[in-house]
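Engineer: Structure in structure tokens, see below.
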Amino acid sequence: MPHFHAVIWLDHREAKVFRFNAENAEKTALHAHDQHHHLHHGKGHLMGRRSAPDQEFLDSILSAAKDAHEILVVGPGSAKMELIKHAHQKEPALAERLVGVETIDHPTDNQILAHARTYFERRDHLMPQR
């Protein structure tokens, strides 16, 4: 069954992509390829410089959400904006389907999905009929 919506929860180590509709949901769990990206010194810096985003990781996240018509991106830190920037550079057609970004910490899978369902219900009520 096709899934109209997706929510991506991510930080720099892992991502969870939920594709869902009113009846069901599918989850894909992904992990960063570049393990050195997470060795931080001070406030998110390695040797005084921020590590570059893991391009393979970001590509795999976008690939997992590619069939969704509307995508919400959530998570606790800067990885959300890195994903959005990456989408605009590498997948502009998919970037147009990124409809929201919100900061949320480390919820359970059920909480992520419930948050996304509520988000899209509100959004659908505010948007004109398609």
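Just remember, in the structure tokens the first chain shown is A, the second B, etc., residues are 1-based per chain, and ligands are 1-based in the order shown.
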Near region 59-66 of chain A, within 9 Å and counting only C-alpha atoms, which residues show up once chain neighbours fewer than 4 positions away are dropped, as a list in words?
Structural biologist: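 Result of the neighbour search: His5, Ala6, Val7, Ile8, Leu10, Ala15, Lys16, Val17, Phe18, Arg19, Thr28, Leu30, Asp54, Gln55, Ile71, Leu83, His86, Ala87, Lys90, Glu91 and Leu94 of chain A.
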Engineer: Kindly save the residues from that selection, with C-alpha atoms included, as a PDB file, in the first residue's frame.
Structural biologist:
ATOM      1  CA  HIS A   5       3.603  10.922   4.254  1.00  0.00           C
ATOM      2  CA  ALA A   6       7.030  10.374   5.782  1.00  0.00           C
ATOM      3  CA  VAL A   7       8.735  11.586   8.914  1.00  0.00           C
ATOM      4  CA  ILE A   8      12.508  11.493   9.285  1.00  0.00           C
ATOM      5  CA  LEU A  10      17.772  11.973  12.752  1.00  0.00           C
ATOM      6  CA  ALA A  15      18.089   8.070  11.369  1.00  0.00           C
ATOM      7  CA  LYS A  16      14.613   6.600  11.453  1.00  0.00           C
ATOM      8  CA  VAL A  17      12.400   7.033   8.409  1.00  0.00           C
ATOM      9  CA  PHE A  18       8.708   6.266   8.838  1.00  0.00           C
ATOM     10  CA  ARG A  19       6.537   6.104   5.711  1.00  0.00           C
ATOM     11  CA  THR A  28      13.616   2.084   8.055  1.00  0.00           C
ATOM     12  CA  LEU A  30      19.820   3.800   9.205  1.00  0.00           C
ATOM     13  CA  ASP A  54      28.402  12.032   6.158  1.00  0.00           C
ATOM     14  CA  GLN A  55      27.248  12.261   2.527  1.00  0.00           C
ATOM     15  CA  ILE A  71       8.090  14.780   4.398  1.00  0.00           C
ATOM     16  CA  LEU A  83      19.883  16.919   5.575  1.00  0.00           C
ATOM     17  CA  HIS A  86      21.921  18.177   1.185  1.00  0.00           C
ATOM     18  CA  ALA A  87      18.460  17.548  -0.291  1.00  0.00           C
ATOM     19  CA  LYS A  90      21.493  16.696  -4.506  1.00  0.00           C
ATOM     20  CA  GLU A  91      17.741  15.994  -4.801  1.00  0.00           C
ATOM     21  CA  LEU A  94      12.608  15.681  -3.183  1.00  0.00           C
TER      22      LEU A  94
END
Engineer: Nearest to His106 (chain A) among A:His69, A:Phe4, A:Pro76, A:Glu121, with distances taken over only C-alpha atoms: which residue is it?
Structural biologist: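 Checking each candidate against His106 (chain A), we get A:Pro76 as the closest.
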Engineer: According to DSSP computed on the backbone, where in region 17-111 of chain A is there strand (DSSP E or B)? Give the residues as a list in words.
Structural biologist: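 Selecting the strand (DSSP E or B) positions of region 17-111 of chain A gives Val17, Phe18, Arg19, Phe20, Ala25, Glu26, Lys27, Thr28, Ala29, Leu30, His31, His41, His45, Leu46, Arg49, Glu70, Ile71, Leu72, Val73, Val74, Gly75, Leu98, Val99, Gly100, Val101, Glu102 and Thr103 of chain A.
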Engineer: Mind giving me the straight-line distance from CA of Leu72 (chain A) to CA of Glu56 (chain A) in Å, one decimal?
Structural biologist: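 Here the two named atoms are 20.3 Å from each other.
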Engineer: Of the candidates A:Arg123, A:Ala22, A:Lys27, A:Pro53, which one gets nearest to Lys85 (chain A) if we count only C-alpha atoms?
Structural biologist: A:Pro53
Engineer: Report as a PDB file with C-alpha atoms, in the first residue's frame all protein, DNA and RNA residues lying within 6 Å of Ala79 (chain A), evaluated on only C-alpha atoms, omitting residues in the same chain fewer than 3 positions from it.
Structural biologist:
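The resulting out-v3.pdb:
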ATOM      1  CA  ASP A  11      20.867  12.944  14.624  1.00  0.00           C
ATOM      2  CA  HIS A  12      24.474  12.547  13.441  1.00  0.00           C
ATOM      3  CA  GLU A  82      22.391  19.364   7.087  1.00  0.00           C
TER       4      GLU A  82
END
Engineer: Which polymer residues have any atom within 8 Å of an atom of Val101 (chain A), counting only C-alpha atoms, with same-chain residues fewer than 4 positions away left out, as a PDB file with C-alpha atoms, in the first residue's frame?
Structural biologist:
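Output contents, as saved in out-v7.pdb:
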ATOM      1  CA  LEU A  72       8.544  16.124   7.922  1.00  0.00           C
ATOM      2  CA  VAL A  73      12.114  16.270   9.311  1.00  0.00           C
ATOM      3  CA  VAL A  74      12.607  16.127  13.079  1.00  0.00           C
ATOM      4  CA  LYS A  80      18.173  18.217  10.354  1.00  0.00           C
TER       5      LYS A  80
END
Engineer: Quick one: DSSP alpha helix (DSSP H) residues in chain A, as a VMD selection string?
Structural biologist: chain A and resid 55 to 64 79 to 90 92 to 95 109 to 126
Engineer: Using the selection just defined, write its residues with N, CA and C atoms as a tab-separated table (two decimals), in the first residue's frame.
Structural biologist:
chain	number	residue	atom	x	y	z
A	55	GLN	N	28.04	12.17	3.76
A	55	GLN	CA	27.25	12.26	2.53
A	55	GLN	C	26.50	10.96	2.22
A	56	GLU	N	27.15	9.82	2.44
A	56	GLU	CA	26.49	8.53	2.18
A	56	GLU	C	25.29	8.35	3.11
A	57	PHE	N	25.44	8.73	4.34
A	57	PHE	CA	24.36	8.64	5.32
A	57	PHE	C	23.18	9.51	4.88
A	58	LEU	N	23.47	10.75	4.50
A	58	LEU	CA	22.40	11.65	4.06
A	58	LEU	C	21.73	11.13	2.80
A	59	ASP	N	22.51	10.59	1.87
A	59	ASP	CA	21.94	10.00	0.65
A	59	ASP	C	21.00	8.84	0.98
A	60	SER	N	21.40	8.00	1.92
A	60	SER	CA	20.57	6.84	2.27
A	60	SER	C	19.27	7.27	2.95
A	61	ILE	N	19.31	8.34	3.72
A	61	ILE	CA	18.10	8.86	4.35
A	61	ILE	C	17.12	9.36	3.29
A	62	LEU	N	17.63	10.15	2.35
A	62	LEU	CA	16.78	10.67	1.29
A	62	LEU	C	16.21	9.54	0.44
A	63	SER	N	17.00	8.54	0.18
A	63	SER	CA	16.53	7.40	-0.60
A	63	SER	C	15.39	6.67	0.11
A	64	ALA	N	15.48	6.55	1.41
A	64	ALA	CA	14.44	5.85	2.18
A	64	ALA	C	13.11	6.60	2.17
A	79	ALA	N	21.75	18.15	12.56
A	79	ALA	CA	21.69	17.18	11.46
A	79	ALA	C	20.47	17.41	10.57
A	80	LYS	N	19.39	17.93	11.14
A	80	LYS	CA	18.17	18.22	10.35
A	80	LYS	C	18.48	19.19	9.23
A	81	MET	N	19.16	20.27	9.57
A	81	MET	CA	19.46	21.29	8.57
A	81	MET	C	20.51	20.81	7.58
A	82	GLU	N	21.43	19.95	8.01
A	82	GLU	CA	22.39	19.36	7.09
A	82	GLU	C	21.67	18.50	6.06
A	83	LEU	N	20.67	17.75	6.50
A	83	LEU	CA	19.88	16.92	5.58
A	83	LEU	C	19.11	17.79	4.59
A	84	ILE	N	18.50	18.84	5.07
A	84	ILE	CA	17.73	19.72	4.19
A	84	ILE	C	18.64	20.39	3.17
A	85	LYS	N	19.79	20.87	3.60
A	85	LYS	CA	20.75	21.49	2.67
A	85	LYS	C	21.21	20.46	1.64
A	86	HIS	N	21.50	19.25	2.08
A	86	HIS	CA	21.92	18.18	1.19
A	86	HIS	C	20.83	17.87	0.16
A	87	ALA	N	19.58	17.82	0.62
A	87	ALA	CA	18.46	17.55	-0.29
A	87	ALA	C	18.36	18.63	-1.37
A	88	HIS	N	18.50	19.88	-0.99
A	88	HIS	CA	18.42	20.98	-1.96
A	88	HIS	C	19.56	20.90	-2.98
A	89	GLN	N	20.73	20.44	-2.55
A	89	GLN	CA	21.87	20.34	-3.46
A	89	GLN	C	21.81	19.11	-4.35
A	90	LYS	N	21.41	17.97	-3.78
A	90	LYS	CA	21.49	16.70	-4.51
A	90	LYS	C	20.17	16.19	-5.07
A	92	PRO	N	16.80	18.12	-5.64
A	92	PRO	CA	15.88	19.26	-5.55
A	92	PRO	C	14.40	18.89	-5.66
A	93	ALA	N	14.06	17.87	-6.43
A	93	ALA	CA	12.65	17.47	-6.54
A	93	ALA	C	12.14	16.93	-5.20
A	94	LEU	N	12.98	16.18	-4.51
A	94	LEU	CA	12.61	15.68	-3.18
A	94	LEU	C	12.59	16.83	-2.17
A	95	ALA	N	13.51	17.76	-2.29
A	95	ALA	CA	13.58	18.89	-1.36
A	95	ALA	C	12.27	19.69	-1.37
A	109	ASP	N	9.76	5.43	19.02
A	109	ASP	CA	9.23	5.31	17.66
A	109	ASP	C	7.75	5.66	17.63
A	110	ASN	N	6.99	5.19	18.61
A	110	ASN	CA	5.55	5.50	18.66
A	110	ASN	C	5.31	7.00	18.82
A	111	GLN	N	6.15	7.67	19.61
A	111	GLN	CA	5.99	9.11	19.79
A	111	GLN	C	6.33	9.87	18.50
A	112	ILE	N	7.33	9.42	17.77
A	112	ILE	CA	7.68	10.06	16.49
A	112	ILE	C	6.51	9.96	15.53
A	113	LEU	N	5.97	8.76	15.40
A	113	LEU	CA	4.87	8.54	14.48
A	113	LEU	C	3.62	9.31	14.90
A	114	ALA	N	3.31	9.32	16.20
A	114	ALA	CA	2.15	10.07	16.69
A	114	ALA	C	2.32	11.57	16.42
A	115	HIS	N	3.51	12.08	16.64
A	115	HIS	CA	3.79	13.50	16.38
A	115	HIS	C	3.58	13.82	14.90
A	116	ALA	N	4.09	12.95	14.04
A	116	ALA	CA	3.97	13.18	12.59
A	116	ALA	C	2.51	13.10	12.15
A	117	ARG	N	1.77	12.15	12.66
A	117	ARG	CA	0.35	12.04	12.29
A	117	ARG	C	-0.40	13.31	12.69
A	118	THR	N	-0.14	13.80	13.89
A	118	THR	CA	-0.78	15.04	14.35
A	118	THR	C	-0.36	16.22	13.47
A	119	TYR	N	0.92	16.30	13.16
A	119	TYR	CA	1.43	17.38	12.31
A	119	TYR	C	0.71	17.39	10.96
A	120	PHE	N	0.62	16.23	10.32
A	120	PHE	CA	0.02	16.18	8.99
A	120	PHE	C	-1.50	16.34	9.04
A	121	GLU	N	-2.14	15.89	10.12
A	121	GLU	CA	-3.58	16.15	10.24
A	121	GLU	C	-3.84	17.65	10.30
A	122	ARG	N	-3.07	18.36	11.09
A	122	ARG	CA	-3.22	19.82	11.18
A	122	ARG	C	-2.91	20.48	9.84
A	123	ARG	N	-1.84	20.04	9.21
A	123	ARG	CA	-1.44	20.61	7.92
A	123	ARG	C	-2.51	20.37	6.87
A	124	ASP	N	-3.06	19.16	6.83
A	124	ASP	CA	-4.08	18.82	5.84
A	124	ASP	C	-5.35	19.65	6.03
A	125	HIS	N	-5.67	19.97	7.27
A	125	HIS	CA	-6.87	20.80	7.53
A	125	HIS	C	-6.66	22.24	7.09
A	126	LEU	N	-5.40	22.69	7.12
A	126	LEU	CA	-5.11	24.08	6.75
A	126	LEU	C	-4.90	24.27	5.25
Engineer: Between CA of Ala68 (chain A) and CA of Leu98 (chain A), what is the distance in Å, rounded to a tenth?
Structural biologist: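 So the two atoms, CA of Ala68 (chain A) and CA of Leu98 (chain A), lie 9.6 Å apart.
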Engineer: Just give me the gap between CA of Val99 (chain A) and CA of His33 (chain A) in Å, one decimal is fine.
Structural biologist: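 Between these atoms lies a distance of 26.7 Å.
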